[in-house]
$ cat coords.cif   # mmCIF, C-alpha atoms
data_entry
#
loop_
_atom_site.label_atom_id
_atom_site.label_comp_id
_atom_site.auth_asym_id
_atom_site.auth_seq_id
_atom_site.Cartn_x
_atom_site.Cartn_y
_atom_site.Cartn_z
CA MET A 1 -17.13 43.03 -13.00
CA THR A 2 -20.80 42.55 -13.64
CA GLY A 3 -22.95 44.78 -15.76
CA THR A 4 -26.65 45.61 -15.68
CA PRO A 5 -28.42 44.44 -18.82
CA GLN A 6 -29.93 47.20 -20.92
CA THR A 7 -32.77 46.29 -23.26
CA HIS A 8 -31.90 47.12 -26.85
CA PRO A 9 -34.79 48.99 -28.48
CA GLN A 10 -34.77 46.49 -31.36
CA VAL A 11 -35.20 43.44 -29.09
CA PRO A 12 -38.84 42.46 -28.41
CA ALA A 13 -39.94 41.10 -25.08
CA ASP A 14 -39.12 37.57 -26.18
CA PRO A 15 -38.57 35.11 -23.30
CA GLY A 16 -35.65 33.44 -25.07
CA ALA A 17 -33.98 36.77 -25.77
CA ARG A 18 -34.39 37.84 -22.15
CA HIS A 19 -33.06 34.46 -20.96
CA THR A 20 -29.93 35.14 -23.00
CA LEU A 21 -29.44 38.82 -22.17
CA ASP A 22 -29.97 38.31 -18.44
CA LYS A 23 -26.76 36.24 -18.31
CA ALA A 24 -24.78 39.49 -18.59
CA THR A 25 -24.93 39.87 -14.81
CA ALA A 26 -22.85 36.70 -14.32
CA GLU A 27 -19.86 37.83 -16.40
CA ASN A 28 -16.44 38.69 -14.97
CA PHE A 29 -16.45 42.02 -16.82
CA PRO A 30 -18.90 44.87 -17.43
CA VAL A 31 -21.11 44.27 -20.45
CA ALA A 32 -22.98 47.58 -20.76
CA PRO A 33 -22.46 49.57 -17.54
CA PHE A 34 -24.64 52.54 -16.68
CA PHE A 35 -21.92 55.16 -17.17
CA LEU A 36 -21.66 54.61 -20.92
CA PRO A 37 -23.68 56.69 -23.39
CA ARG A 38 -27.10 55.18 -23.95
CA ALA A 39 -26.39 54.42 -27.63
CA TRP A 40 -23.23 52.53 -26.69
CA ARG A 41 -25.08 50.52 -24.05
CA ALA A 42 -27.71 49.49 -26.56
CA ASP A 43 -25.11 48.49 -29.15
CA LEU A 44 -22.96 46.57 -26.64
CA MET A 45 -25.99 44.70 -25.31
CA ALA A 46 -26.90 43.77 -28.88
CA LEU A 47 -23.37 42.41 -29.39
CA TYR A 48 -23.51 40.59 -26.07
CA GLY A 49 -26.87 39.04 -26.96
CA TYR A 50 -25.42 37.67 -30.18
CA ALA A 51 -22.22 36.37 -28.55
CA ARG A 52 -24.15 34.77 -25.71
CA LEU A 53 -26.59 33.13 -28.13
CA VAL A 54 -23.72 31.65 -30.13
CA ASP A 55 -22.12 30.25 -26.95
CA ASP A 56 -25.43 28.92 -25.63
CA ILE A 57 -26.00 27.06 -28.89
CA GLY A 58 -22.48 25.64 -28.78
CA ASP A 59 -22.83 24.61 -25.13
CA GLY A 60 -26.39 23.30 -25.36
CA ASP A 61 -27.58 25.97 -22.90
CA LEU A 62 -30.49 27.46 -24.82
CA ALA A 63 -33.72 28.24 -23.03
CA PRO A 64 -35.91 25.13 -22.78
CA GLY A 65 -38.76 24.63 -25.19
CA GLY A 66 -36.96 24.93 -28.53
CA GLY A 67 -37.94 28.57 -29.06
CA ASP A 68 -34.55 29.61 -30.44
CA ALA A 69 -34.58 26.75 -32.94
CA ARG A 70 -38.02 27.77 -34.19
CA LEU A 71 -36.91 31.39 -34.50
CA LEU A 72 -33.93 30.30 -36.59
CA GLY A 73 -36.12 28.15 -38.82
CA VAL A 74 -34.79 24.83 -37.53
CA GLY A 75 -37.40 22.08 -37.33
CA PRO A 76 -38.10 20.12 -34.14
CA GLU A 77 -36.22 17.09 -35.48
CA ALA A 78 -32.98 19.13 -35.41
CA ALA A 79 -33.71 21.39 -32.43
CA ASP A 80 -30.94 19.72 -30.41
CA ASP A 81 -28.44 19.52 -33.27
CA ARG A 82 -25.87 22.16 -32.35
CA THR A 83 -24.18 22.10 -35.74
CA ALA A 84 -27.50 22.61 -37.52
CA LEU A 85 -28.36 25.47 -35.16
CA LEU A 86 -24.98 27.13 -35.74
CA ASP A 87 -25.47 26.80 -39.50
CA ALA A 88 -28.91 28.40 -39.21
CA LEU A 89 -27.45 31.16 -37.03
CA GLU A 90 -24.77 31.91 -39.61
CA ALA A 91 -27.43 32.12 -42.32
CA ASP A 92 -29.38 34.59 -40.17
CA LEU A 93 -26.21 36.58 -39.50
CA ARG A 94 -25.58 36.91 -43.22
CA ARG A 95 -29.09 38.32 -43.58
CA VAL A 96 -28.10 41.03 -41.09
CA PHE A 97 -25.20 42.04 -43.35
CA ALA A 98 -27.15 41.73 -46.59
CA PRO A 99 -28.27 44.99 -48.24
CA GLY A 100 -31.27 46.25 -46.30
CA GLY A 101 -30.90 43.65 -43.56
CA GLU A 102 -34.28 42.15 -44.40
CA GLY A 103 -35.69 38.77 -43.41
CA VAL A 104 -33.64 38.36 -40.19
CA ARG A 105 -35.38 35.69 -38.11
CA HIS A 106 -34.04 35.83 -34.55
CA PRO A 107 -34.77 38.91 -32.37
CA LEU A 108 -31.22 38.94 -31.02
CA LEU A 109 -29.90 39.14 -34.57
CA ARG A 110 -32.47 41.73 -35.59
CA ALA A 111 -31.00 43.82 -32.76
CA LEU A 112 -27.66 43.74 -34.59
CA ARG A 113 -28.95 45.58 -37.64
CA ALA A 114 -28.69 49.04 -36.09
CA PRO A 115 -25.12 48.76 -34.75
CA VAL A 116 -23.94 46.99 -37.91
CA ARG A 117 -25.34 49.86 -39.99
CA ASP A 118 -24.49 52.76 -37.69
CA ARG A 119 -21.00 51.59 -36.66
CA SER A 120 -19.98 50.00 -39.98
CA LEU A 121 -19.22 46.73 -38.21
CA THR A 122 -17.55 43.97 -40.21
CA ILE A 123 -18.83 40.40 -40.36
CA GLU A 124 -15.52 38.66 -39.62
CA PRO A 125 -15.62 38.95 -35.80
CA PHE A 126 -19.17 37.60 -35.76
CA LEU A 127 -18.15 34.65 -37.92
CA GLY A 128 -15.18 33.99 -35.66
CA LEU A 129 -17.48 33.37 -32.70
CA ILE A 130 -19.48 30.86 -34.72
CA ALA A 131 -16.26 29.15 -35.87
CA ALA A 132 -15.13 28.79 -32.24
CA ASN A 133 -18.36 27.06 -31.30
CA ARG A 134 -18.19 24.79 -34.33
CA GLN A 135 -14.70 23.87 -33.13
CA ASP A 136 -16.14 23.06 -29.70
CA GLN A 137 -18.30 20.38 -31.31
CA ARG A 138 -15.28 18.45 -32.63
CA VAL A 139 -12.28 19.50 -30.49
CA ARG A 140 -12.49 18.71 -26.79
CA ARG A 141 -8.82 18.73 -25.78
CA TYR A 142 -5.94 21.09 -26.61
CA GLU A 143 -2.41 19.78 -26.83
CA SER A 144 -0.45 23.01 -26.44
CA HIS A 145 -0.77 26.55 -25.18
CA ASP A 146 -0.42 27.76 -28.76
CA ASP A 147 -3.39 25.59 -29.76
CA LEU A 148 -5.42 27.18 -26.99
CA LEU A 149 -4.38 30.68 -28.07
CA ALA A 150 -5.57 29.91 -31.60
CA TYR A 151 -8.94 28.88 -30.17
CA CYS A 152 -9.14 32.07 -28.08
CA ALA A 153 -8.47 34.09 -31.25
CA LEU A 154 -11.87 32.81 -32.43
CA SER A 155 -13.78 32.50 -29.18
CA ALA A 156 -12.77 35.70 -27.34
CA ASN A 157 -10.71 38.18 -29.33
CA PRO A 158 -13.53 39.14 -31.74
CA VAL A 159 -15.46 40.62 -28.81
CA GLY A 160 -12.73 43.16 -28.10
CA GLN A 161 -12.47 44.02 -31.78
CA LEU A 162 -16.20 44.75 -31.88
CA VAL A 163 -15.98 46.96 -28.77
CA LEU A 164 -13.25 48.99 -30.44
CA GLN A 165 -15.32 49.22 -33.62
CA VAL A 166 -18.40 50.37 -31.73
CA SER A 167 -16.38 53.06 -29.94
CA GLY A 168 -14.61 54.15 -33.13
CA THR A 169 -11.18 53.60 -31.59
CA LEU A 170 -9.87 50.60 -33.55
CA THR A 171 -6.18 50.75 -34.47
CA PRO A 172 -3.72 47.89 -35.08
CA GLU A 173 -1.91 48.52 -31.78
CA ARG A 174 -5.12 48.74 -29.77
CA LEU A 175 -6.36 45.56 -31.42
CA ARG A 176 -3.17 43.73 -30.48
CA ARG A 177 -3.54 44.71 -26.84
CA SER A 178 -7.27 44.04 -26.90
CA ASP A 179 -6.55 40.52 -28.15
CA ALA A 180 -4.25 39.96 -25.17
CA VAL A 181 -6.94 41.08 -22.72
CA CYS A 182 -9.67 39.01 -24.35
CA THR A 183 -7.49 35.91 -24.45
CA ALA A 184 -6.65 36.44 -20.78
CA LEU A 185 -10.33 36.73 -19.87
CA GLN A 186 -11.06 33.51 -21.77
CA ILE A 187 -8.28 31.70 -19.91
CA VAL A 188 -9.64 32.99 -16.60
CA GLU A 189 -13.09 31.70 -17.49
CA HIS A 190 -11.60 28.34 -18.41
CA LEU A 191 -9.90 28.18 -15.01
CA GLN A 192 -13.12 29.05 -13.18
CA ASP A 193 -15.07 26.45 -15.14
CA VAL A 194 -12.72 23.45 -15.12
CA ALA A 195 -15.28 21.20 -13.41
CA GLU A 196 -18.20 22.44 -15.51
CA ASP A 197 -16.25 22.02 -18.75
CA LEU A 198 -15.14 18.51 -17.78
CA ALA A 199 -18.78 17.57 -17.23
CA ARG A 200 -19.25 18.50 -20.90
CA ASP A 201 -16.22 16.40 -21.84
CA ARG A 202 -14.11 19.46 -22.55
CA ILE A 203 -10.71 20.37 -21.13
CA TYR A 204 -9.16 23.75 -21.89
CA LEU A 205 -5.99 23.13 -19.89
CA PRO A 206 -3.21 22.32 -22.40
CA ALA A 207 -2.37 18.61 -22.35
CA GLU A 208 1.36 19.35 -22.45
CA ASP A 209 1.01 21.37 -19.24
CA MET A 210 -1.09 18.66 -17.59
CA ARG A 211 1.72 16.20 -18.27
CA ARG A 212 4.31 18.67 -17.00
CA PHE A 213 2.46 19.04 -13.69
CA HIS A 214 1.49 15.34 -13.53
CA VAL A 215 -2.22 16.07 -13.65
CA SER A 216 -4.60 13.44 -15.01
CA GLU A 217 -8.19 13.82 -16.14
CA ALA A 218 -9.18 11.83 -13.06
CA ASP A 219 -7.51 14.50 -10.92
CA LEU A 220 -9.73 17.13 -12.56
CA ALA A 221 -12.82 15.08 -11.76
CA ALA A 222 -12.07 15.06 -8.01
CA PRO A 223 -14.16 17.18 -5.60
CA THR A 224 -11.12 19.29 -4.73
CA GLY A 225 -7.81 19.91 -6.42
CA ASN A 226 -4.68 18.18 -5.22
CA ALA A 227 -1.31 19.92 -5.07
CA SER A 228 -0.54 19.16 -8.72
CA VAL A 229 -3.87 20.54 -9.95
CA ARG A 230 -3.43 23.70 -7.92
CA ALA A 231 0.09 24.20 -9.28
CA LEU A 232 -1.22 23.78 -12.82
CA VAL A 233 -4.00 26.31 -12.23
CA ALA A 234 -1.52 28.76 -10.70
CA TYR A 235 0.71 28.39 -13.78
CA GLN A 236 -2.16 29.15 -16.15
CA ALA A 237 -3.33 32.02 -13.94
CA ASP A 238 0.12 33.61 -14.18
CA ARG A 239 -0.07 33.43 -17.96
CA ALA A 240 -3.44 35.18 -17.87
CA HIS A 241 -2.13 37.84 -15.50
CA ARG A 242 0.75 38.67 -17.83
CA LEU A 243 -1.66 38.99 -20.75
CA LEU A 244 -3.87 41.32 -18.73
CA ASP A 245 -0.82 43.47 -18.02
CA GLU A 246 -0.44 43.94 -21.78
CA GLY A 247 -3.86 45.55 -21.75
CA VAL A 248 -2.99 48.35 -19.34
CA PRO A 249 -1.53 50.58 -22.10
CA LEU A 250 -4.76 49.97 -24.04
CA VAL A 251 -6.69 51.50 -21.15
CA GLY A 252 -4.36 54.48 -21.11
CA SER A 253 -4.65 55.01 -24.86
CA VAL A 254 -8.34 55.96 -24.75
CA HIS A 255 -10.26 58.60 -22.87
CA GLY A 256 -13.41 59.24 -20.89
CA ARG A 257 -15.99 56.57 -20.34
CA LEU A 258 -14.33 54.12 -22.69
CA ARG A 259 -11.26 54.16 -20.47
CA LEU A 260 -13.42 53.20 -17.50
CA LEU A 261 -15.06 50.39 -19.49
CA LEU A 262 -11.73 48.92 -20.59
CA ALA A 263 -10.36 49.27 -17.06
CA GLY A 264 -13.40 47.23 -16.02
CA PHE A 265 -12.40 44.47 -18.43
CA VAL A 266 -8.80 44.36 -17.21
CA GLY A 267 -9.69 44.92 -13.55
CA GLY A 268 -12.46 42.34 -13.70
CA GLY A 269 -10.00 39.76 -14.97
CA ARG A 270 -7.47 40.65 -12.30
CA ALA A 271 -10.11 40.45 -9.58
CA ALA A 272 -11.18 37.02 -10.82
CA LEU A 273 -7.56 35.85 -10.71
CA ALA A 274 -7.29 37.22 -7.16
CA ALA A 275 -10.34 35.16 -6.21
CA ILE A 276 -8.75 32.05 -7.70
CA ALA A 277 -5.56 32.74 -5.74
CA ALA A 278 -7.57 33.33 -2.54
CA ALA A 279 -9.10 29.88 -3.02
CA GLY A 280 -5.62 28.40 -3.05
CA HIS A 281 -6.00 27.85 -6.79
CA ASP A 282 -8.52 25.12 -6.04
CA VAL A 283 -11.18 25.70 -8.70
CA LEU A 284 -12.73 22.23 -8.64
CA PRO A 285 -15.37 22.84 -5.92
CA GLY A 286 -16.82 25.68 -8.00
CA PRO A 287 -15.89 28.94 -9.72
CA PRO A 288 -14.15 31.35 -7.31
CA ARG A 289 -15.79 34.77 -7.66
CA PRO A 290 -14.37 38.13 -6.60
CA THR A 291 -16.12 40.40 -4.13
CA ARG A 292 -17.41 43.79 -5.25
CA THR A 293 -14.78 45.44 -3.05
CA ARG A 294 -12.04 43.52 -4.82
CA LEU A 295 -13.50 44.43 -8.21
CA LEU A 296 -13.49 48.12 -7.42
CA HIS A 297 -9.98 47.90 -6.00
CA ASP A 298 -8.59 46.27 -9.14
CA VAL A 299 -10.37 48.60 -11.53
CA GLY A 300 -8.96 51.55 -9.61
CA ALA A 301 -5.48 50.04 -9.67
CA VAL A 302 -5.67 49.59 -13.44
CA LEU A 303 -6.78 53.19 -13.93
CA ARG A 304 -3.94 54.51 -11.77
CA ARG A 305 -1.35 52.41 -13.55
CA ALA A 306 -2.74 53.39 -16.98
CA ARG A 307 -2.33 57.07 -16.13
CA LYS A 308 1.29 56.54 -15.10
CA GLU A 309 2.12 54.61 -18.28
CA ARG A 310 0.64 57.13 -20.72
#
$ encode --input "coords.cif" --output "structure tokens"
Amino acid sequence: MTGTPQTHPQVPADPGARHTLDKATAENFPVAPFFLPRAWRADLMALYGYARLVDDIGDGDLAPGGGDARLLGVGPEAADDRTALLDALEADLRRVFAPGGEGVRHPLLRALRAPVRDRSLTIEPFLGLIAANRQDQRVRRYESHDDLLAYCALSANPVGQLVLQVSGTLTPERLRRSDAVCTALQIVEHLQDVAEDLARDRIYLPAEDMRRFHVSEADLAAPTGNASVRALVAYQADRAHRLLDEGVPLVGSVHGRLRLLLAGFVGGGRAALAAIAAAGHDVLPGPPRPTRTRLLHDVGAVLRRARKER
């Protein structure tokens, strides 16, 4: 489910910041939907801006012109060095968490100061996202499903933890179920982006499963998926669906607008999986995207099931 970006009051009208925040509309899940309290929307958009900036650095998708590098204090000679940029980002993040939060360079990180202070956010989830993108610079294939889950624990699960921290609803059980949902959403994104990831010399389909389904890297580079590729995608999609099911009790464990937000996460993932299935599990021509009608249907289904399972 897509969300409408909300400008955080701490973020100036910086073109690079807007370039990053505007990507919220392309996500499978709601980032900061209108029905949330205004303070929550601002905080969630600040978190999204940070997470998106980290991923854009790791993927080489920053706005052209080197503006983000300059903001982070990275010279032009290293403006395309992703590791150097991630190091500079971590240094700026630590300024956010330093007493007083002074000297923060990047506007998207300056926007974090208010939620970090007001919500007592911890630094570990933020560092996890940086660690995932550092891993992307050196690890381009995953041998097993367990290896992929360990990567998702860095690349996706911290986002759910931060949402629970912002909403003041973090408990060990909720975190466990949130981790399942976030991992599922990451797997769904990997399935949608098989062709795009391969163009970056990355494969997030476990190698052991590729061998099991007799899928080669050449098969993934084809314009359309053959029967083996489609079977492999269907297998991974089923794994994601089962993880999303673990998140339904999480939805039922909270109340009010937060319940609707979390239902949007779970329903958005289910709708994306439905779009993949509707495409015959052929993701190679491009990312299958759900219709708005399907999104609303799946969010509603999650809400109804959550009420029954309370």
$ resolve_selection --input "coords.cif" --expression "the PyMOL selection byres ((chain A and resi 267) around 7)" --output "PDB file with C-alpha atoms, in the coordinates of the input"
ATOM      1  CA  ALA A 263     -10.360  49.270 -17.060  1.00  0.00           C
ATOM      2  CA  GLY A 264     -13.400  47.230 -16.020  1.00  0.00           C
ATOM      3  CA  PHE A 265     -12.400  44.470 -18.430  1.00  0.00           C
ATOM      4  CA  VAL A 266      -8.800  44.360 -17.210  1.00  0.00           C
ATOM      5  CA  GLY A 268     -12.460  42.340 -13.700  1.00  0.00           C
ATOM      6  CA  GLY A 269     -10.000  39.760 -14.970  1.00  0.00           C
ATOM      7  CA  ARG A 270      -7.470  40.650 -12.300  1.00  0.00           C
ATOM      8  CA  ALA A 271     -10.110  40.450  -9.580  1.00  0.00           C
ATOM      9  CA  LEU A 295     -13.500  44.430  -8.210  1.00  0.00           C
ATOM     10  CA  ASP A 298      -8.590  46.270  -9.140  1.00  0.00           C
ATOM     11  CA  VAL A 299     -10.370  48.600 -11.530  1.00  0.00           C
ATOM     12  CA  VAL A 302      -5.670  49.590 -13.440  1.00  0.00           C
TER      13      VAL A 302
END
$ resolve_selection --input "coords.cif" --expression "the PyMOL selection byres ((chain A and resi 75-86) around 12)" --output "VMD selection string"
chain A and resid 50 53 to 74 87 to 93 106 126 to 138
$ residues_around --input "coords.cif" --residues "Val233 (chain A)" --least-positions-apart "3" --cutoff "9 Å" --atoms "all atoms listed in the file" --output "ChimeraX atom specification"
/A:191,205,228-230,236-238,276,281-283
$ resolve_selection --input "coords.cif" --expression "the PyMOL selection byres ((chain A and resi 171-174) around 12)" --output "count of residues only"
28
$ atom_distance --input "coords.cif" --atom1 "CA of Pro115 (chain A)" --atom2 "CA of Ala156 (chain A)"
19.4 Å
$ atom_distance --input "coords.cif" --atom1 "CA of Ala272 (chain A)" --atom2 "CA of Pro290 (chain A)"
5.4 Å
$ closest_residue --input "coords.cif" --among "A:Pro33, A:Gln192, A:Phe97, A:Arg305" --to "Ala275 (chain A)" --atoms "all atoms listed in the file"
A:Gln192
$ atom_distance --input "coords.cif" --atom1 "CA of His214 (chain A)" --atom2 "CA of Val194 (chain A)"
16.4 Å
$ closest_residue --input "coords.cif" --among "A:Ala114, A:Ile123, A:Ala184, A:Ala39" --to "Arg94 (chain A)" --atoms "only C-alpha atoms"
A:Ile123
$ residues_near_point --input "coords.cif" --point "(-28.5, 38.7, -32.1)" --cutoff "9 Å" --atoms "all atoms listed in the file" --output "list in words"
Val11, Ala17, Ala46, Leu47, Tyr48, Gly49, Tyr50, Ala51, Arg52, Leu53, Val54, Leu93, His106, Pro107, Leu108, Leu109, Arg110, Ala111, Leu112 and Arg113 of chain A
$ closest_residue --input "coords.cif" --among "A:Met45, A:Val116, A:Val166, A:Ala231" --to "Gly100 (chain A)" --atoms "all atoms listed in the file"
A:Val116
$ residues_around --input "coords.cif" --residues "Arg140 (chain A)" --least-positions-apart "6" --cutoff "12 Å" --atoms "all atoms listed in the file" --output "list in words"
Ala132, Asn133, Arg134, Asp147, Leu148, Tyr151, Asp197, Leu198, Ala199, Arg200, Asp201, Arg202, Ile203, Tyr204, Leu205, Pro206 and Ala207 of chain A
$ closest_residue --input "coords.cif" --among "A:Arg242, A:Lys308, A:Arg294, A:Arg117" --to "Gly101 (chain A)" --atoms "only C-alpha atoms"
A:Arg117
$ closest_residue --input "coords.cif" --among "A:Leu243, A:Ile187, A:Leu36, A:Leu284" --to "Ala221 (chain A)" --atoms "all atoms listed in the file"
A:Leu284
$ decode --input "coords.cif" --residues "region 258-284 of chain A" --atoms "C-alpha atoms" --output "PDB file, in the first residue's frame"
ATOM      1  CA  LEU A 258      -1.914   1.813  14.756  1.00  0.00           C
ATOM      2  CA  ARG A 259      -3.959  -1.301  14.031  1.00  0.00           C
ATOM      3  CA  LEU A 260      -4.907   0.137  10.649  1.00  0.00           C
ATOM      4  CA  LEU A 261      -1.266   1.009   9.899  1.00  0.00           C
ATOM      5  CA  LEU A 262      -0.024  -2.485  10.743  1.00  0.00           C
ATOM      6  CA  ALA A 263      -2.875  -4.020   8.762  1.00  0.00           C
ATOM      7  CA  GLY A 264      -1.602  -1.900   5.872  1.00  0.00           C
ATOM      8  CA  PHE A 265       1.841  -3.460   6.211  1.00  0.00           C
ATOM      9  CA  VAL A 266       0.502  -7.018   6.273  1.00  0.00           C
ATOM     10  CA  GLY A 267      -2.225  -6.377   3.693  1.00  0.00           C
ATOM     11  CA  GLY A 268       0.196  -4.548   1.415  1.00  0.00           C
ATOM     12  CA  GLY A 269       2.498  -7.550   1.443  1.00  0.00           C
ATOM     13  CA  ARG A 270      -0.360  -9.935   0.754  1.00  0.00           C
ATOM     14  CA  ALA A 271      -1.609  -7.780  -2.108  1.00  0.00           C
ATOM     15  CA  ALA A 272       1.877  -7.720  -3.628  1.00  0.00           C
ATOM     16  CA  LEU A 273       2.034 -11.516  -3.403  1.00  0.00           C
ATOM     17  CA  ALA A 274      -1.380 -11.698  -5.077  1.00  0.00           C
ATOM     18  CA  ALA A 275      -0.036  -9.559  -7.918  1.00  0.00           C
ATOM     19  CA  ILE A 276       2.943 -11.888  -8.296  1.00  0.00           C
ATOM     20  CA  ALA A 277       0.598 -14.878  -8.404  1.00  0.00           C
ATOM     21  CA  ALA A 278      -1.656 -13.123 -10.947  1.00  0.00           C
ATOM     22  CA  ALA A 279       1.417 -12.706 -13.168  1.00  0.00           C
ATOM     23  CA  GLY A 280       1.914 -16.462 -13.075  1.00  0.00           C
ATOM     24  CA  HIS A 281       4.898 -15.895 -10.782  1.00  0.00           C
ATOM     25  CA  ASP A 282       6.777 -14.439 -13.737  1.00  0.00           C
ATOM     26  CA  VAL A 283       8.595 -11.479 -12.189  1.00  0.00           C
ATOM     27  CA  LEU A 284      11.305 -11.111 -14.823  1.00  0.00           C
TER      28      LEU A 284
END
